[in-house]
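Everything on this sheet refers to the single structure shown next.
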Amino acid sequence: MAFTRATGKHRAPSRLTRRSARAAGIAALATTGVIGSLSSPALAADTESAKVTETGLSQAIGLDATIADRIEAQADAQKRQADEVDRLKAKAEAEARAKAAKAKAEAERKAEARAKEVREEKARAARAAERARLNAFHLPVAGSHVTTGYKSGGSLWSSGSHSGVDFMAASGSSVVAVGAGTVVEAGWGGAYGNNIVLRMADGTYTQYGHLSSIGVSVGQSVSSGQQIGLSGSTGNSTGPHLHFEARTTPDYGSDMDPVGYLRSHGLNV
């Protein structure tokens, strides 16, 4: 039994029929080589896409390199700044140490200079004290007093008057140099008995008579207050005492007032 299509209204091809036809067309184009020619623009597009991608990558790499250079430059700048800070800090510390060392050295110099001044002041004071001691005068017999005054008259003295003064002194009492001087005579002096004559530092002379013993020799230097002998009653004497004279020369007859002489040197006689 044969069937024929009814004439009149036709239906549109179904979706499946359209797909089959499209597939068949594609196959035919492939057989004729058209597909190959049509595929070239697609490959070109892929190549262009690759090129664009590659260019973008290069740009990204270049950007990264620039950023890296900037970071490295910034890091170098920071390091230089840090090094400069360290250098300035080290310089400041070195200057501070140098300043402290200089201040210490200056303080030590001033301290040494002051210590030297103190030593010199003490030395000057000691010398002054020694000069004062040497220049200080003492009574020829400590704690004594005058019993016979200067220029007293009487037959006891060949000149008719006393050429010195007598100090009370028991036999054997210490007799000292009234001041610093040099022994110019030490021995028997006739009417003076055992006597000593000193040339004083100021150029004057002093004499000590009627001694029981002599403790110095000619040429010897003596200090003020130094014992030079012991009192007695030798020579023209009526009893133990010390005859004391002040003279302008070492010789008899150049006498001057002994009390005035001692007083002029600060003694209370």
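Residue names in the structure tokens use chain letters A, B, ... in the order shown, residue numbers from 1 in each chain, and ligand numbers from 1 in the order shown.
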Excluding Ser221 (chain A) and its own-chain neighbours fewer than 5 positions away, which residues fall within 7 Å of it when counting only C-alpha atoms? Please give them as a PDB file with all heavy atoms, in the first residue's frame.
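See result.pdb below for the written result:
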ATOM      1  N   GLY A 181     123.361  83.977 114.467  1.00  0.00           N
ATOM      2  CA  GLY A 181     124.644  84.619 114.208  1.00  0.00           C
ATOM      3  C   GLY A 181     125.764  83.632 114.044  1.00  0.00           C
ATOM      4  O   GLY A 181     125.539  82.411 113.924  1.00  0.00           O
ATOM      5  N   THR A 182     126.986  84.165 114.060  1.00  0.00           N
ATOM      6  CA  THR A 182     128.202  83.364 113.879  1.00  0.00           C
ATOM      7  C   THR A 182     129.168  83.684 115.010  1.00  0.00           C
ATOM      8  O   THR A 182     129.364  84.865 115.370  1.00  0.00           O
ATOM      9  CB  THR A 182     128.872  83.678 112.526  1.00  0.00           C
ATOM     10  OG1 THR A 182     127.929  83.456 111.464  1.00  0.00           O
ATOM     11  CG2 THR A 182     130.092  82.794 112.302  1.00  0.00           C
ATOM     12  N   VAL A 183     129.775  82.658 115.543  1.00  0.00           N
ATOM     13  CA  VAL A 183     130.710  82.832 116.659  1.00  0.00           C
ATOM     14  C   VAL A 183     132.012  83.445 116.139  1.00  0.00           C
ATOM     15  O   VAL A 183     132.652  82.900 115.238  1.00  0.00           O
ATOM     16  CB  VAL A 183     130.997  81.483 117.337  1.00  0.00           C
ATOM     17  CG1 VAL A 183     131.992  81.675 118.490  1.00  0.00           C
ATOM     18  CG2 VAL A 183     129.696  80.847 117.830  1.00  0.00           C
TER      19      VAL A 183
END
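Shortest separation to His241 (chain A) among A:Pro140, A:Gly160, A:Pro258, A:Gly225 occurs at residue A:Pro140, atoms counted being only C-alpha atoms.
With only C-alpha atoms taken into account, the protein and nucleic acid residues at most 12 Å from Val222 (chain A) (excluding it and anything under 2 positions from it in its own chain) are Leu134, Asn135, Val176, Ala177, Val178, Gly179, Ala180, Gly181, Thr182, Val183, Val184, Ile196, Val197, Leu198, Arg199, Met200, Ala201, Gly215, Val216, Ser217, Val218, Gly219, Gln220, Ser224, Gly225, Gln226, Gln227, Ile228 and Gly229 of chain A.
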With distances taken over only C-alpha atoms, which residue among A:His162, A:Ala126, A:Thr204, A:Ala136 lies nearest Thr148 (chain A)? A:His162
Take CA of Ala101 (chain A) and CA of Arg119 (chain A) and report the distance between them in Å, one decimal. 26.3 Å
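Here CA of Glu93 (chain A) is placed at a distance of 22.1 Å from CA of Glu108 (chain A).
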Using only C-alpha atoms: which of A:Thr147, A:Ser171, A:Gln81, A:Asn195 has the shortest distance to Val259 (chain A): A:Thr147
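Pairwise distance (CA of Asp202 (chain A), CA of Glu120 (chain A)) equals 27.5 Å.
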When DSSP is applied to the backbone of this structure, which of region 121-164 of chain A are assigned alpha helix (DSSP H)? Write them out as a ChimeraX atom specification. /A:121-135
Convert the current residue selection to file output with C-alpha atoms, as a PDB file, in the first residue's frame.
ATOM      1  CA  GLU A 121     102.001  78.414  99.947  1.00  0.00           C
ATOM      2  CA  LYS A 122     102.935  75.862 102.607  1.00  0.00           C
ATOM      3  CA  ALA A 123     106.581  76.075 101.573  1.00  0.00           C
ATOM      4  CA  ARG A 124     106.466  79.882 101.736  1.00  0.00           C
ATOM      5  CA  ALA A 125     104.757  79.713 105.108  1.00  0.00           C
ATOM      6  CA  ALA A 126     107.382  77.265 106.345  1.00  0.00           C
ATOM      7  CA  ARG A 127     110.185  79.504 105.089  1.00  0.00           C
ATOM      8  CA  ALA A 128     108.540  82.528 106.641  1.00  0.00           C
ATOM      9  CA  ALA A 129     108.165  80.657 109.912  1.00  0.00           C
ATOM     10  CA  GLU A 130     111.796  79.612 109.733  1.00  0.00           C
ATOM     11  CA  ARG A 131     112.879  83.161 109.006  1.00  0.00           C
ATOM     12  CA  ALA A 132     110.722  84.381 111.843  1.00  0.00           C
ATOM     13  CA  ARG A 133     112.245  81.769 114.101  1.00  0.00           C
ATOM     14  CA  LEU A 134     115.733  82.669 112.980  1.00  0.00           C
ATOM     15  CA  ASN A 135     115.053  86.352 113.215  1.00  0.00           C
TER      16      ASN A 135
END
Contact residues around Asn194 (chain A) with only C-alpha atoms at 10 Å, ignoring same-chain residues under 2 positions, as an MDAnalysis selection string: chainID A and resid 186:192 196 208:214 229:235
